[in-house]
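So this block is work-v6.txt, compact mmCIF, C-alpha atoms:
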```
# COMPACT_ATOMS: atom_id res chain seq x y z
CA MET A 1 45.39 -16.72 16.99
CA ASN A 2 45.88 -17.23 20.70
CA LYS A 3 45.34 -14.48 23.20
CA ASP A 4 49.02 -14.03 23.97
CA ASN A 5 49.81 -13.28 20.33
CA PHE A 6 46.84 -10.98 20.15
CA ILE A 7 47.90 -9.07 23.24
CA SER A 8 51.39 -8.72 21.86
CA VAL A 9 50.04 -7.28 18.57
CA VAL A 10 47.78 -4.89 20.50
CA LYS A 11 50.72 -3.84 22.64
CA ASP A 12 52.82 -3.11 19.54
CA ASN A 13 50.04 -0.99 18.09
CA GLN A 14 48.53 0.57 21.19
CA ASN A 15 49.74 4.07 20.28
CA LEU A 16 47.98 3.85 16.94
CA ILE A 17 44.71 2.64 18.51
CA PHE A 18 44.92 5.32 21.18
CA LYS A 19 45.50 8.12 18.67
CA ILE A 20 42.68 6.98 16.39
CA CYS A 21 40.27 6.78 19.34
CA ASN A 22 41.32 10.25 20.50
CA SER A 23 40.85 11.68 17.04
CA TYR A 24 37.35 10.30 16.53
CA CYS A 25 35.93 10.72 20.05
CA SER A 26 36.46 13.70 22.29
CA ASN A 27 34.40 12.18 25.08
CA TYR A 28 36.14 9.75 27.45
CA GLU A 29 33.24 7.27 27.63
CA ASP A 30 32.89 7.12 23.84
CA ARG A 31 36.64 6.72 23.49
CA LYS A 32 36.58 3.77 25.84
CA ASP A 33 33.72 2.14 23.91
CA LEU A 34 35.44 2.76 20.58
CA GLN A 35 38.65 1.25 21.91
CA GLN A 36 36.74 -1.89 22.88
CA ASP A 37 35.05 -2.08 19.48
CA ILE A 38 38.42 -1.80 17.73
CA LEU A 39 39.92 -4.53 19.91
CA ILE A 40 36.99 -6.84 19.23
CA GLN A 41 37.15 -6.20 15.50
CA LEU A 42 40.89 -6.88 15.57
CA TRP A 43 40.35 -10.12 17.48
CA ASN A 44 37.56 -11.08 15.12
CA SER A 45 39.66 -10.40 12.03
CA PHE A 46 43.12 -11.59 12.97
CA SER A 47 42.60 -15.24 12.19
CA LYS A 48 41.83 -14.14 8.62
CA PHE A 49 45.01 -12.15 8.13
CA ASP A 50 46.67 -13.63 5.04
CA GLY A 51 49.67 -11.35 4.60
CA ARG A 52 48.49 -9.84 1.30
CA VAL A 53 48.93 -6.41 2.85
CA LYS A 54 51.28 -5.19 5.55
CA ILE A 55 50.12 -5.84 9.11
CA SER A 56 50.12 -2.09 9.83
CA THR A 57 47.90 -1.43 6.78
CA TRP A 58 45.59 -4.16 8.02
CA ILE A 59 45.37 -2.65 11.51
CA TYR A 60 44.85 0.87 10.19
CA ARG A 61 42.00 -0.35 7.96
CA ILE A 62 40.24 -2.12 10.81
CA ALA A 63 40.79 0.66 13.33
CA LEU A 64 39.75 3.46 10.96
CA ASN A 65 36.75 1.55 9.63
CA THR A 66 35.59 0.82 13.16
CA ALA A 67 36.19 4.41 14.26
CA ILE A 68 34.27 5.94 11.33
CA SER A 69 31.37 3.50 11.76
CA PHE A 70 31.33 4.17 15.50
CA TYR A 71 31.38 7.92 14.90
CA ARG A 72 28.43 7.64 12.55
CA LYS A 73 26.33 5.55 14.90
CA ASP A 74 23.62 7.11 16.95
CA ARG A 75 25.49 9.07 19.59
CA LYS A 76 22.74 8.33 22.09
CA ARG A 77 23.61 4.66 22.02
CA LYS A 78 24.50 3.34 25.42
CA GLU A 79 24.50 -0.36 24.71
CA LYS A 80 27.95 -1.78 25.16
CA THR A 81 29.41 -4.62 23.20
CA VAL A 82 31.57 -5.68 26.10
CA GLY A 83 30.70 -5.40 29.73
CA ILE A 84 33.93 -3.79 30.84
CA ASP A 85 34.01 -0.40 32.41
CA ALA A 86 37.70 0.34 32.43
CA SER A 87 39.80 1.44 29.51
CA VAL A 88 42.03 -1.31 28.13
CA ILE A 89 44.62 1.08 26.74
CA SER A 90 44.92 4.05 28.99
CA LEU A 91 46.98 7.10 29.41
CA PRO A 92 47.52 7.99 33.01
CA ASP A 93 46.31 11.57 32.49
CA TYR A 94 48.26 12.87 35.42
CA GLU A 95 51.32 10.78 34.88
CA PRO A 96 54.24 12.89 36.11
CA GLY A 97 56.33 14.05 33.22
CA PHE A 98 53.64 13.62 30.62
CA GLU A 99 52.75 17.03 29.36
CA GLN A 100 50.91 17.21 26.14
CA ASP A 101 52.35 19.55 23.57
CA GLU A 102 50.08 22.51 22.89
CA ARG A 103 50.41 21.84 19.17
CA ILE A 104 48.94 18.36 19.73
CA SER A 105 45.96 19.78 21.61
CA LEU A 106 45.38 22.23 18.76
CA LEU A 107 45.77 19.44 16.26
CA TYR A 108 43.15 17.29 18.01
CA LYS A 109 40.80 20.29 18.07
CA TYR A 110 41.40 20.80 14.37
CA LEU A 111 40.78 17.09 13.65
CA GLU A 112 37.47 17.33 15.52
CA ARG A 113 36.18 19.79 12.93
CA LEU A 114 37.04 17.65 9.92
CA ASN A 115 34.82 15.08 8.23
CA GLU A 116 35.52 11.41 8.87
CA MET A 117 37.51 10.77 5.69
CA ASP A 118 39.69 13.89 5.86
CA LYS A 119 40.40 13.06 9.48
CA ALA A 120 41.62 9.58 8.45
CA LEU A 121 43.84 11.07 5.75
CA ILE A 122 45.42 13.66 8.05
CA LEU A 123 46.09 11.02 10.67
CA LEU A 124 47.95 8.96 8.06
CA VAL A 125 49.89 12.04 6.93
CA LEU A 126 50.91 12.74 10.52
CA GLU A 127 51.94 9.12 10.92
CA ASP A 128 54.28 9.71 7.96
CA LYS A 129 52.81 6.91 5.90
CA SER A 130 53.92 6.61 2.28
CA TYR A 131 51.54 7.63 -0.51
CA ARG A 132 51.23 4.00 -1.44
CA ASP A 133 50.26 2.95 2.09
CA MET A 134 47.77 5.79 2.36
CA ALA A 135 46.24 4.86 -0.98
CA GLU A 136 45.99 1.22 0.11
CA ILE A 137 44.45 2.01 3.49
CA LEU A 138 41.99 4.57 2.20
CA GLY A 139 41.18 2.92 -1.14
CA ILE A 140 42.01 5.89 -3.35
CA SER A 141 44.66 6.37 -6.03
CA GLU A 142 48.15 7.66 -5.22
CA THR A 143 47.48 10.67 -7.45
CA ASN A 144 44.40 11.41 -5.40
CA VAL A 145 46.47 11.12 -2.21
CA ALA A 146 49.04 13.55 -3.62
CA THR A 147 46.37 16.07 -4.62
CA LYS A 148 44.73 15.90 -1.24
CA ILE A 149 48.02 16.25 0.61
CA SER A 150 48.96 19.36 -1.28
CA ARG A 151 45.57 20.83 -0.30
CA ILE A 152 46.02 19.70 3.30
CA LYS A 153 49.39 21.44 3.47
CA LYS A 154 47.78 24.72 2.47
CA ARG A 155 44.87 24.25 4.87
CA ILE A 156 47.16 23.42 7.76
CA LYS A 157 49.42 26.36 7.02
CA GLU A 158 46.36 28.60 7.10
CA GLU A 159 44.89 26.97 10.18
CA PHE A 160 48.06 27.03 12.27
CA LYS A 161 49.50 30.34 11.10
CA HIS A 162 49.17 31.97 14.51
CA MET B 1 53.04 26.24 10.94
CA GLU B 2 54.13 23.82 8.23
CA ILE B 3 52.97 20.23 7.99
CA ASN B 4 56.48 18.98 8.72
CA GLU B 5 56.53 20.79 12.06
CA LEU B 6 53.25 19.11 12.98
CA LYS B 7 54.61 15.76 11.89
CA ASP B 8 57.61 16.29 14.18
CA ALA B 9 55.32 17.24 17.06
CA TRP B 10 53.22 14.15 16.33
CA ALA B 11 56.32 11.94 16.30
CA GLN B 12 57.43 13.36 19.66
CA TYR B 13 53.93 12.81 21.00
CA ASP B 14 54.12 9.19 19.80
CA LYS B 15 57.41 8.71 21.64
CA LYS B 16 55.89 10.12 24.82
CA LEU B 17 52.89 7.85 24.43
CA SER B 18 55.18 4.84 24.09
CA LYS B 19 56.61 5.68 27.50
CA VAL B 20 53.38 6.33 29.37
CA LEU B 21 50.61 4.42 27.63
CA LYS B 22 49.54 1.36 29.57
CA LEU B 23 47.87 -1.72 28.20
CA ASN B 24 45.75 -3.45 30.80
CA GLU B 25 46.76 -6.96 29.79
CA GLU B 26 44.96 -8.54 32.70
CA LEU B 27 41.70 -6.89 31.70
CA LEU B 28 42.16 -7.80 28.04
CA ARG B 29 42.93 -11.39 29.01
CA SER B 30 39.84 -11.60 31.19
CA VAL B 31 37.43 -10.29 28.53
CA ASN B 32 35.52 -12.96 26.72
CA LEU B 33 36.34 -11.79 23.21
CA GLU B 34 34.38 -14.58 21.54
CA LYS B 35 31.26 -13.44 23.38
CA SER B 36 31.95 -9.86 22.35
CA THR B 37 32.40 -10.90 18.74
CA PHE B 38 28.96 -12.48 18.99
CA ALA B 39 27.58 -9.15 20.23
CA LEU B 40 28.97 -7.38 17.16
CA LYS B 41 27.13 -9.87 14.95
CA LYS B 42 23.83 -9.07 16.65
CA PRO B 43 22.21 -7.28 13.66
CA MET B 44 22.85 -10.31 11.46
CA ILE B 45 21.64 -12.70 14.15
CA LEU B 46 18.43 -10.67 14.58
CA GLU B 47 17.75 -10.92 10.85
CA LEU B 48 18.32 -14.68 10.96
CA LEU B 49 15.94 -14.90 13.91
CA ASN B 50 13.37 -12.90 11.96
CA MET B 51 13.70 -15.40 9.11
CA VAL B 52 12.96 -18.25 11.52
CA ILE B 53 9.93 -16.39 12.89
CA GLN B 54 8.60 -15.64 9.40
CA PHE B 55 9.08 -19.26 8.42
CA CYS B 56 7.09 -20.38 11.47
CA VAL B 57 4.32 -17.86 10.77
CA ILE B 58 4.03 -19.07 7.17
CA ASN B 59 3.67 -22.63 8.45
CA VAL B 60 1.01 -21.56 10.97
CA ILE B 61 -0.92 -19.81 8.20
CA ILE B 62 -0.74 -22.91 6.01
CA ALA B 63 -2.03 -25.02 8.93
CA LEU B 64 -4.90 -22.56 9.50
CA LEU B 65 -5.71 -22.55 5.79
CA ILE B 66 -5.94 -26.32 5.81
CA GLN B 67 -8.25 -26.10 8.84
CA LEU B 68 -10.41 -23.51 7.08
CA SER B 69 -10.23 -25.01 3.60
CA GLY B 70 -13.21 -24.29 1.45
CA GLU B 71 -13.81 -20.78 2.76
CA THR B 72 -12.69 -18.48 -0.03
CA GLN B 73 -12.41 -15.26 1.97
CA TYR B 74 -10.08 -16.93 4.49
CA PHE B 75 -8.08 -18.52 1.72
CA ILE B 76 -7.50 -15.11 0.11
CA THR B 77 -6.55 -13.33 3.36
CA GLY B 78 -4.32 -16.25 4.36
CA LEU B 79 -2.66 -16.18 0.98
CA ILE B 80 -2.02 -12.43 1.23
CA GLY B 81 -0.70 -12.83 4.78
CA SER B 82 1.67 -15.66 3.84
CA LEU B 83 2.88 -13.76 0.78
CA MET B 84 3.71 -10.77 2.97
CA CYS B 85 5.57 -13.06 5.40
CA ALA B 86 7.48 -14.52 2.47
CA VAL B 87 8.45 -11.02 1.31
CA SER B 88 9.59 -10.18 4.85
CA PHE B 89 11.57 -13.46 4.90
CA VAL B 90 13.35 -12.48 1.67
CA PHE B 91 14.12 -8.99 3.02
CA SER B 92 15.70 -10.50 6.14
CA ALA B 93 17.69 -12.96 4.03
CA VAL B 94 19.02 -10.10 1.89
CA LYS B 95 19.99 -8.07 4.97
CA ALA B 96 21.60 -11.04 6.72
CA SER B 97 23.70 -11.87 3.67
CA ARG B 98 24.79 -8.24 3.29
CA PHE B 99 25.77 -8.14 6.99
CA TYR B 100 27.74 -11.34 6.50
CA ASP B 101 29.61 -9.79 3.55
CA LEU B 102 30.62 -6.75 5.56
CA LEU B 103 34.23 -7.48 6.39
CA TYR B 104 36.09 -4.88 8.36
CA TYR B 105 39.51 -6.28 7.53
CA ASP B 106 39.33 -6.97 3.85
CA LEU B 107 38.32 -3.59 2.49
CA SER B 108 39.92 -0.20 2.29
CA VAL B 109 38.31 2.55 4.35
CA MET B 110 36.49 4.10 1.41
CA HIS B 111 35.13 0.83 0.04
CA PHE B 112 34.06 -0.43 3.42
CA GLN B 113 32.31 2.82 4.32
CA LYS B 114 30.55 2.86 0.93
CA LYS B 115 29.38 -0.71 1.44
CA MET B 116 28.32 -0.02 5.01
CA THR B 117 26.43 3.15 4.08
CA ASN B 118 24.70 1.48 1.14
CA LEU B 119 23.64 -1.29 3.50
CA ARG B 120 22.33 1.27 5.97
CA ILE B 121 20.31 2.98 3.22
CA LEU B 122 18.95 -0.39 2.08
CA ILE B 123 17.93 -1.33 5.63
CA LEU B 124 16.17 1.99 6.17
CA ARG B 125 14.31 1.71 2.85
CA LEU B 126 13.31 -1.87 3.60
CA ARG B 127 12.11 -0.85 7.05
CA LYS B 128 9.64 1.54 5.47
CA ILE B 129 8.19 -1.33 3.43
CA GLU B 130 8.41 -3.75 6.36
CA TYR B 131 6.28 -1.44 8.42
CA LEU B 132 3.55 -1.58 5.77
CA ILE B 133 3.97 -5.35 5.51
CA ALA B 134 3.53 -5.72 9.29
CA VAL B 135 0.23 -3.82 9.13
CA ILE B 136 -1.01 -6.00 6.24
CA ILE B 137 0.08 -9.19 8.03
CA GLY B 138 -1.81 -8.07 11.14
CA ILE B 139 -4.99 -7.30 9.22
CA THR B 140 -4.96 -10.48 7.18
CA LEU B 141 -4.07 -12.83 10.01
CA LEU B 142 -6.50 -11.50 12.58
CA PRO B 143 -9.71 -12.88 10.99
CA LEU B 144 -7.92 -16.15 10.25
CA ILE B 145 -6.77 -16.65 13.84
CA VAL B 146 -10.07 -15.49 15.37
CA LYS B 147 -11.99 -17.89 13.15
CA ALA B 148 -9.68 -20.84 13.77
CA LYS B 149 -9.27 -20.38 17.53
CA ALA B 150 -12.55 -18.76 18.68
CA GLY B 151 -14.83 -19.77 15.86
CA VAL B 152 -15.89 -16.13 15.32
CA ASP B 153 -16.44 -15.19 11.70
CA LEU B 154 -15.21 -11.60 11.36
CA PHE B 155 -16.22 -11.60 7.70
CA GLY B 156 -19.77 -12.46 8.78
CA ASP B 157 -20.43 -8.92 9.97
CA LEU B 158 -18.70 -6.64 7.54
CA THR B 159 -20.26 -3.54 9.13
CA VAL B 160 -17.89 -4.10 12.07
CA PHE B 161 -14.93 -5.60 10.25
CA ILE B 162 -14.55 -3.00 7.48
CA PRO B 163 -14.60 0.07 9.80
CA ALA B 164 -12.16 -1.72 12.10
CA VAL B 165 -9.81 -2.36 9.16
CA PHE B 166 -10.09 1.27 8.09
CA CYS B 167 -9.27 2.42 11.64
CA VAL B 168 -6.21 0.16 11.83
CA VAL B 169 -5.02 1.17 8.35
CA GLY B 170 -5.68 4.86 9.07
CA LEU B 171 -3.81 4.83 12.37
CA GLY B 172 -1.06 2.75 10.80
CA LEU B 173 -0.69 5.22 7.96
CA ILE B 174 -0.58 8.25 10.27
CA PHE B 175 2.02 6.56 12.48
CA GLY B 176 3.91 5.39 9.38
CA VAL B 177 4.06 8.87 7.88
CA ILE B 178 5.36 10.33 11.16
CA LEU B 179 7.91 7.52 11.48
CA ASN B 180 9.07 8.00 7.90
CA LEU B 181 9.43 11.74 8.21
CA LYS B 182 10.97 11.84 11.66
CA VAL B 183 13.19 8.79 11.57
CA TYR B 184 13.73 6.96 8.30
CA ASP B 185 13.75 9.83 5.80
CA LYS B 186 16.06 11.86 8.01
CA SER B 187 18.44 8.94 8.48
CA ILE B 188 18.37 8.10 4.76
CA LYS B 189 19.17 11.70 3.89
CA ASP B 190 22.04 11.70 6.37
CA ALA B 191 23.42 8.41 4.99
CA GLU B 192 23.10 9.65 1.40
CA SER B 193 25.00 12.83 2.16
CA PHE B 194 27.77 10.76 3.80
CA LEU B 195 27.83 8.54 0.71
CA ASN B 196 28.17 11.62 -1.52
CA MET B 197 31.01 12.85 0.65
CA ILE B 198 32.83 9.48 0.36
CA GLU B 199 32.32 9.41 -3.39
CA LYS B 200 33.62 12.94 -3.74
CA PHE B 201 36.61 12.00 -1.58
CA GLY B 202 37.38 9.05 -3.86
CA ASN B 203 36.87 10.85 -7.15
CA GLU B 204 39.06 13.90 -6.60
CA GLU B 205 42.21 13.68 -8.68
```
Write the structure described by the file as structure tokens, please.
Amino acid sequence: MNKDNFISVVKDNQNLIFKICNSYCSNYEDRKDLQQDILIQLWNSFSKFDGRVKISTWIYRIALNTAISFYRKDRKRKEKTVGIDASVISLPDYEPGFEQDERISLLYKYLERLNEMDKALILLVLEDKSYRDMAEILGISETNVATKISRIKKRIKEEFKH
Amino acid sequence: MEINELKDAWAQYDKKLSKVLKLNEELLRSVNLEKSTFALKKPMILELLNMVIQFCVINVIIALLIQLSGETQYFITGLIGSLMCAVSFVFSAVKASRFYDLLYYDLSVMHFQKKMTNLRILILRLRKIEYLIAVIIGITLLPLIVKAKAGVDLFGDLTVFIPAVFCVVGLGLIFGVILNLKVYDKSIKDAESFLNMIEKFGNEE
């Protein structure tokens, strides 16, 4: 894959990458490093994409796998895989007109408290993925997805009742 | 709040992100992604490098053994040393092949994380043995090298050699126990509890 194609795929999926990074890292520096790791893994894997699964499933798998592995690494690690200091995908925090919904802030705080796998599942639920897609990305059965979602609904109702 | 309300809020957030999120194409274009890919493969490369080193050490031992042929005590220590290097070589080969098999793109999240965590546990367990192996290699190679390079026969005066070996082994054991308790055992326990969590996540129906 050439770089232009790669950049175009990243551009199409930048929201997804951004949201996954935000969900797994609350710290800006870590988020930036995770974003770089995801981009490198995507670059590394794209030539092997064979179309057996949907491209979005493929990207979710890579991004979530990288995020969970990153999250589980020694937090003290400072060694960078790429020597770039700036964020590749960035949100101009003080962009006029961009006000983050309070519900989203609460949601991110809630996600922070969850374990890595539950976090991945809730992200997919929020993204409105089908049971089949969720099962394919996470590697669990559709019945398992359904059971978990019904539990999540109750938990969320409880968590956000105020 | 119901899940559907949160989904709506998330969808609105996504729309907002689409408007404001910026991809620094110039930066992405300027990054040497091939070089970065190489950096991600570092653990596997280090294991391959270790295999090369172990192979060289085994050859050096064989050369020293040829030089000191006929001296039984050196033959035995050399043999033990080279066997330990061979074991270390096999460990590195196992780790390198498991790193090579670890494909981020081909596995679902649960299967990849299981594979990754099992590999982490394996590495930590092997490290505990490798530490012991390193001590044995050091002890067995020292008399061989000293004899071959300086002509000093450490086995000639066992009243010095045996206490020295005991000191090295004793210190090594103390350090090893601390290392195991403080680092490896803790990390293994952490990895095992993550593995249990993944398994539980996958088994719930």
Neighbour list for B:Ser92 as a tab-separated table (two decimals) with C-alpha atoms, keeping the file's coordinate frame, cut-off 8 Å, all atoms listed in the file, skip fewer than 5 positions in-chain:
```tsv
chain	number	residue	atom	x	y	z
B	47	GLU	CA	17.75	-10.92	10.85
B	48	LEU	CA	18.32	-14.68	10.96
B	50	ASN	CA	13.37	-12.90	11.96
B	51	MET	CA	13.70	-15.40	9.11
```
Compile a residue-level contact table for chain B against chain A at a cut-off of 9 Å, reporting for every qualifying residue the shortest atom pair and its distance in Å to one decimal, with only C-alpha atoms counted, rows ordered by chain and ascending number, as CSV.
```
residue,atom,partner,partner_atom,distance
B:Met1,CA,A:Phe160,CA,5.2
B:Glu2,CA,A:Lys157,CA,5.5
B:Ile3,CA,A:Lys153,CA,5.9
B:Asn4,CA,A:Leu126,CA,8.6
B:Leu6,CA,A:Leu126,CA,7.2
B:Lys7,CA,A:Leu126,CA,5.0
B:Asp8,CA,A:Leu126,CA,8.4
B:Ala9,CA,A:Ile104,CA,7.0
B:Trp10,CA,A:Leu126,CA,6.4
B:Ala11,CA,A:Glu127,CA,7.5
B:Gln12,CA,A:Asp101,CA,8.9
B:Tyr13,CA,A:Asp101,CA,7.4
B:Asp14,CA,A:Asn15,CA,6.8
B:Lys16,CA,A:Phe98,CA,7.1
B:Leu17,CA,A:Asn15,CA,6.4
B:Ser18,CA,A:Asn15,CA,6.7
B:Val20,CA,A:Leu91,CA,6.4
B:Leu21,CA,A:Leu91,CA,4.9
B:Lys22,CA,A:Ser90,CA,5.4
B:Leu23,CA,A:Ile89,CA,4.5
B:Asn24,CA,A:Val88,CA,5.1
B:Glu25,CA,A:Ile7,CA,7.0
B:Leu27,CA,A:Val88,CA,6.6
B:Leu28,CA,A:Val88,CA,6.5
B:Arg29,CA,A:Lys3,CA,7.0
B:Val31,CA,A:Ile84,CA,7.7
B:Asn32,CA,A:Val82,CA,8.3
B:Leu33,CA,A:Ile40,CA,6.4
B:Glu34,CA,A:Asn44,CA,8.0
B:Lys35,CA,A:Val82,CA,8.2
B:Ser36,CA,A:Val82,CA,5.6
B:Thr37,CA,A:Ile40,CA,6.1
B:Phe38,CA,A:Thr81,CA,8.9
B:Ala39,CA,A:Thr81,CA,5.7
B:Leu40,CA,A:Thr81,CA,6.7
B:Leu103,CA,A:Ser45,CA,8.4
B:Tyr104,CA,A:Ile62,CA,5.6
B:Tyr105,CA,A:Ile62,CA,5.3
B:Asp106,CA,A:Trp58,CA,8.0
B:Leu107,CA,A:Arg61,CA,7.3
B:Ser108,CA,A:Gly139,CA,4.8
B:Val109,CA,A:Leu138,CA,4.7
B:Met110,CA,A:Gly139,CA,5.5
B:His111,CA,A:Gly139,CA,6.5
B:Phe112,CA,A:Asn65,CA,7.1
B:Gln113,CA,A:Asn65,CA,7.0
B:Met116,CA,A:Ser69,CA,8.2
B:Met197,CA,A:Met117,CA,8.5
B:Ile198,CA,A:Met117,CA,7.2
B:Phe201,CA,A:Met117,CA,7.4
B:Gly202,CA,A:Ile140,CA,5.6
B:Asn203,CA,A:Asn144,CA,7.8
B:Glu204,CA,A:Asn144,CA,6.0
B:Glu205,CA,A:Asn144,CA,4.6
```
How would the residues just chosen look if you wrote them out with C-alpha atoms as a PDB file, keeping the file's coordinate frame?
```pdb
ATOM      1  CA  MET B   1      53.040  26.240  10.940  1.00  0.00           C
ATOM      2  CA  GLU B   2      54.130  23.820   8.230  1.00  0.00           C
ATOM      3  CA  ILE B   3      52.970  20.230   7.990  1.00  0.00           C
ATOM      4  CA  ASN B   4      56.480  18.980   8.720  1.00  0.00           C
ATOM      5  CA  LEU B   6      53.250  19.110  12.980  1.00  0.00           C
ATOM      6  CA  LYS B   7      54.610  15.760  11.890  1.00  0.00           C
ATOM      7  CA  ASP B   8      57.610  16.290  14.180  1.00  0.00           C
ATOM      8  CA  ALA B   9      55.320  17.240  17.060  1.00  0.00           C
ATOM      9  CA  TRP B  10      53.220  14.150  16.330  1.00  0.00           C
ATOM     10  CA  ALA B  11      56.320  11.940  16.300  1.00  0.00           C
ATOM     11  CA  GLN B  12      57.430  13.360  19.660  1.00  0.00           C
ATOM     12  CA  TYR B  13      53.930  12.810  21.000  1.00  0.00           C
ATOM     13  CA  ASP B  14      54.120   9.190  19.800  1.00  0.00           C
ATOM     14  CA  LYS B  16      55.890  10.120  24.820  1.00  0.00           C
ATOM     15  CA  LEU B  17      52.890   7.850  24.430  1.00  0.00           C
ATOM     16  CA  SER B  18      55.180   4.840  24.090  1.00  0.00           C
ATOM     17  CA  VAL B  20      53.380   6.330  29.370  1.00  0.00           C
ATOM     18  CA  LEU B  21      50.610   4.420  27.630  1.00  0.00           C
ATOM     19  CA  LYS B  22      49.540   1.360  29.570  1.00  0.00           C
ATOM     20  CA  LEU B  23      47.870  -1.720  28.200  1.00  0.00           C
ATOM     21  CA  ASN B  24      45.750  -3.450  30.800  1.00  0.00           C
ATOM     22  CA  GLU B  25      46.760  -6.960  29.790  1.00  0.00           C
ATOM     23  CA  LEU B  27      41.700  -6.890  31.700  1.00  0.00           C
ATOM     24  CA  LEU B  28      42.160  -7.800  28.040  1.00  0.00           C
ATOM     25  CA  ARG B  29      42.930 -11.390  29.010  1.00  0.00           C
ATOM     26  CA  VAL B  31      37.430 -10.290  28.530  1.00  0.00           C
ATOM     27  CA  ASN B  32      35.520 -12.960  26.720  1.00  0.00           C
ATOM     28  CA  LEU B  33      36.340 -11.790  23.210  1.00  0.00           C
ATOM     29  CA  GLU B  34      34.380 -14.580  21.540  1.00  0.00           C
ATOM     30  CA  LYS B  35      31.260 -13.440  23.380  1.00  0.00           C
ATOM     31  CA  SER B  36      31.950  -9.860  22.350  1.00  0.00           C
ATOM     32  CA  THR B  37      32.400 -10.900  18.740  1.00  0.00           C
ATOM     33  CA  PHE B  38      28.960 -12.480  18.990  1.00  0.00           C
ATOM     34  CA  ALA B  39      27.580  -9.150  20.230  1.00  0.00           C
ATOM     35  CA  LEU B  40      28.970  -7.380  17.160  1.00  0.00           C
ATOM     36  CA  LEU B 103      34.230  -7.480   6.390  1.00  0.00           C
ATOM     37  CA  TYR B 104      36.090  -4.880   8.360  1.00  0.00           C
ATOM     38  CA  TYR B 105      39.510  -6.280   7.530  1.00  0.00           C
ATOM     39  CA  ASP B 106      39.330  -6.970   3.850  1.00  0.00           C
ATOM     40  CA  LEU B 107      38.320  -3.590   2.490  1.00  0.00           C
ATOM     41  CA  SER B 108      39.920  -0.200   2.290  1.00  0.00           C
ATOM     42  CA  VAL B 109      38.310   2.550   4.350  1.00  0.00           C
ATOM     43  CA  MET B 110      36.490   4.100   1.410  1.00  0.00           C
ATOM     44  CA  HIS B 111      35.130   0.830   0.040  1.00  0.00           C
ATOM     45  CA  PHE B 112      34.060  -0.430   3.420  1.00  0.00           C
ATOM     46  CA  GLN B 113      32.310   2.820   4.320  1.00  0.00           C
ATOM     47  CA  MET B 116      28.320  -0.020   5.010  1.00  0.00           C
ATOM     48  CA  MET B 197      31.010  12.850   0.650  1.00  0.00           C
ATOM     49  CA  ILE B 198      32.830   9.480   0.360  1.00  0.00           C
ATOM     50  CA  PHE B 201      36.610  12.000  -1.580  1.00  0.00           C
ATOM     51  CA  GLY B 202      37.380   9.050  -3.860  1.00  0.00           C
ATOM     52  CA  ASN B 203      36.870  10.850  -7.150  1.00  0.00           C
ATOM     53  CA  GLU B 204      39.060  13.900  -6.600  1.00  0.00           C
ATOM     54  CA  GLU B 205      42.210  13.680  -8.680  1.00  0.00           C
TER      55      GLU B 205
END
```
Distance in Å - atom CA of B:Met44 versus atom CA of B:Ser88 = 14.8 Å
What's around stretch 119-134 of chain B at 8 Å? Count all atoms listed in the file, leave out sequence neighbours fewer than 6 positions away in its own chain, and write the answer as a PDB file with C-alpha atoms, in the coordinates of the input.
```pdb
ATOM      1  CA  MET B  84       3.710 -10.770   2.970  1.00  0.00           C
ATOM      2  CA  CYS B  85       5.570 -13.060   5.400  1.00  0.00           C
ATOM      3  CA  SER B  88       9.590 -10.180   4.850  1.00  0.00           C
ATOM      4  CA  PHE B  91      14.120  -8.990   3.020  1.00  0.00           C
ATOM      5  CA  LYS B  95      19.990  -8.070   4.970  1.00  0.00           C
ATOM      6  CA  ARG B  98      24.790  -8.240   3.290  1.00  0.00           C
ATOM      7  CA  PHE B  99      25.770  -8.140   6.990  1.00  0.00           C
ATOM      8  CA  GLY B 176       3.910   5.390   9.380  1.00  0.00           C
ATOM      9  CA  ASN B 180       9.070   8.000   7.900  1.00  0.00           C
ATOM     10  CA  TYR B 184      13.730   6.960   8.300  1.00  0.00           C
ATOM     11  CA  SER B 187      18.440   8.940   8.480  1.00  0.00           C
ATOM     12  CA  ILE B 188      18.370   8.100   4.760  1.00  0.00           C
ATOM     13  CA  ALA B 191      23.420   8.410   4.990  1.00  0.00           C
ATOM     14  CA  GLU B 192      23.100   9.650   1.400  1.00  0.00           C
TER      15      GLU B 192
END
```
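The gap separating atom CA of A:Tyr28 from atom CA of A:Ser56 is 25.4 Å, in Å to one decimal.
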Please determine an axis-aligned box that encloses all atoms of stretch 166-184 of chain B listed in the file, with 8 Å added on each side, and express its centre and edge lengths in Å to one decimal as AutoDock Vina command-line options.
```
--center_x 1.8 --center_y 6.0 --center_z 10.2 --size_x 39.8 --size_y 27.7 --size_z 20.6
```
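Of note, atom CA of B:Ala86 and atom CA of B:Val168 are spaced 22.1 Å apart.
Minimum distance to B:Phe75 across B:Leu49, B:Lys149, B:Pro143, B:Val94 (counting all atoms listed in the file) occurs at B:Pro143.
Nearest residue to B:Tyr100 among B:Ala63, B:Ile45, B:Val135, B:Ile145 is B:Ile45, counting all atoms listed in the file.
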